[in-house]
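Student: Here it is, the structure, as structure tokens.
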Amino acid sequence: GENVEQHPSTLSVQEGDSAVIKCTYSDSASNYFPWYKQELGKRPQLIIDIRSNVGEKKDQRIAVTLNKTAKHFSLHITETQPEDSAVYFCAAYLSWKLTFGTGTRLQVTL
Amino acid sequence: EPEVTQTPSHQVTQMGQEVILRCVPISNHLYFYWYRQILGQKVEFLVSFYNNEISEKSEIFDDQFSVERPDGSNFTLKIRSTKLEDSAMYFCASNFGAGRFDTYEQYFGPGTRLTVT
């Protein structure tokens, strides 16, 4: 089955700096890669996603890149703000199943 | 904007008891999912459901688990005999359909926190 690895597990950045979170997946047939933000005790919230036929997607301060050959995808957050502090999960979709990474706790300090 | 809803928000049960977690997916969605998240850990897939059948299930989803769509709006997860290790947050999700390229996004409910004592 699909396996998704995510790094780093924790990330601390100063407000205004950029943050990058990386994920790798194992099954080349996976074709959809969402990123979720989860605040404590809340549901995962989709922040951006990318399909396997696209290499990059951007939405304001958030961007995702996908390298299908290397089977990795990354989340980039620019101009970080304190409200970006949360746990971020990547995921890969294959055969009616989302496989999540282990999460990155992002702390944005003032 | 329509949302997935789940009840109850918190369920406390004793080991060995049966629990039923309820979800109301978004009304025109066709695919339904259950995930669980043990405190501090990642979200884990349990099962997907389409056209009144299980499409895919994980190793976690053993004989103690079952899902049902008893009517046109509810989607339930039953755990027959709960264990301590079933304590987790259970999320329901739904989407239009996995077959269409533009409808992969899954909409998550707020979750049910299950505590087994």
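Ordering of the structure tokens sets the chain letters (A, B, ...); residue numbers start at 1 within each chain; ligands are numbered from 1 in the order shown.
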May I have the residues within 9 Å of Glu56 (chain B) as a VMD selection string, using only C-alpha atoms and disregarding those fewer than 3 positions away in the same chain?

Tutor: (chain A and resid 95 to 97) or (chain B and resid 46 to 49)

Student: Give as a PyMOL selection string every residue of chain B that touches chain A within 12 Å, counting only C-alpha atoms.

Tutor: chain B and resi 3-6+9-10+30-50+54-59+88-113

Student: Please compute the CA of Asn51 (chain B)-CA of Asn28 (chain B) distance, one decimal, in Å.

Tutor: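 Interatomic distance, CA of Asn51 (chain B) to CA of Asn28 (chain B): 12.8 Å.
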
Student: Would you give me, as a PyMOL selection string, the residues in chain A that DSSP reads as strand (DSSP E)?

Tutor: chain A and resi 4-7+10-14+19-25+32-38+45-51+56-59+62-67+72-77+86-94+97-100+104-109

Student: Can you tell me how far CA of His76 (chain A) sits from CA of Asp59 (chain A), in Å to one decimal?

Tutor: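 Computed distance, CA of His76 (chain A) to CA of Asp59 (chain A), equals 10.4 Å.
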
Student: Enter the distance from CA of Thr78 (chain A) to CA of Arg61 (chain A), in Å, rounded to one decimal.

Tutor: 5.2 Å

Student: Please list as a VMD selection string every residue within 7 Å of region 14-17 of chain B, counting only C-alpha atoms and excluding residues in the same chain fewer than 2 positions away.

Tutor: chain B and resid 19 80 to 84 116 to 117

Student: Residues within 8 Å of Glu5 (chain A), please, as a PDB file with N, CA, C and O atoms, in the first residue's frame. Count only C-alpha atoms; anything in the same chain fewer than 2 positions from it doesn't count.

Tutor:
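Resulting contents of part.pdb:
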```
ATOM      1  N   ASN A   3       2.677   4.636   1.161  1.00  0.00           N
ATOM      2  CA  ASN A   3       3.339   5.094   2.373  1.00  0.00           C
ATOM      3  C   ASN A   3       3.780   6.536   2.142  1.00  0.00           C
ATOM      4  O   ASN A   3       4.404   6.845   1.118  1.00  0.00           O
ATOM      5  N   HIS A   7       8.509  15.479   6.469  1.00  0.00           N
ATOM      6  CA  HIS A   7       9.596  16.095   7.243  1.00  0.00           C
ATOM      7  C   HIS A   7       9.543  17.611   7.106  1.00  0.00           C
ATOM      8  O   HIS A   7       9.160  18.115   6.047  1.00  0.00           O
ATOM      9  N   CYS A  23       7.224  16.090   1.624  1.00  0.00           N
ATOM     10  CA  CYS A  23       6.647  14.748   1.726  1.00  0.00           C
ATOM     11  C   CYS A  23       7.109  13.901   0.554  1.00  0.00           C
ATOM     12  O   CYS A  23       7.314  14.413  -0.554  1.00  0.00           O
ATOM     13  N   THR A  24       7.259  12.616   0.826  1.00  0.00           N
ATOM     14  CA  THR A  24       7.517  11.655  -0.237  1.00  0.00           C
ATOM     15  C   THR A  24       6.448  10.572  -0.171  1.00  0.00           C
ATOM     16  O   THR A  24       5.903  10.287   0.910  1.00  0.00           O
ATOM     17  N   TYR A  25       6.144  10.001  -1.319  1.00  0.00           N
ATOM     18  CA  TYR A  25       5.169   8.921  -1.362  1.00  0.00           C
ATOM     19  C   TYR A  25       5.770   7.742  -2.098  1.00  0.00           C
ATOM     20  O   TYR A  25       6.760   7.879  -2.813  1.00  0.00           O
ATOM     21  N   GLY A 101       0.595  11.809   5.843  1.00  0.00           N
ATOM     22  CA  GLY A 101       1.915  11.861   6.461  1.00  0.00           C
ATOM     23  C   GLY A 101       1.769  12.012   7.965  1.00  0.00           C
ATOM     24  O   GLY A 101       0.659  12.136   8.492  1.00  0.00           O
ATOM     25  N   THR A 102       2.907  12.040   8.650  1.00  0.00           N
ATOM     26  CA  THR A 102       2.919  12.037  10.112  1.00  0.00           C
ATOM     27  C   THR A 102       2.745  13.425  10.713  1.00  0.00           C
ATOM     28  O   THR A 102       2.654  13.546  11.927  1.00  0.00           O
TER      29      THR A 102
END
```
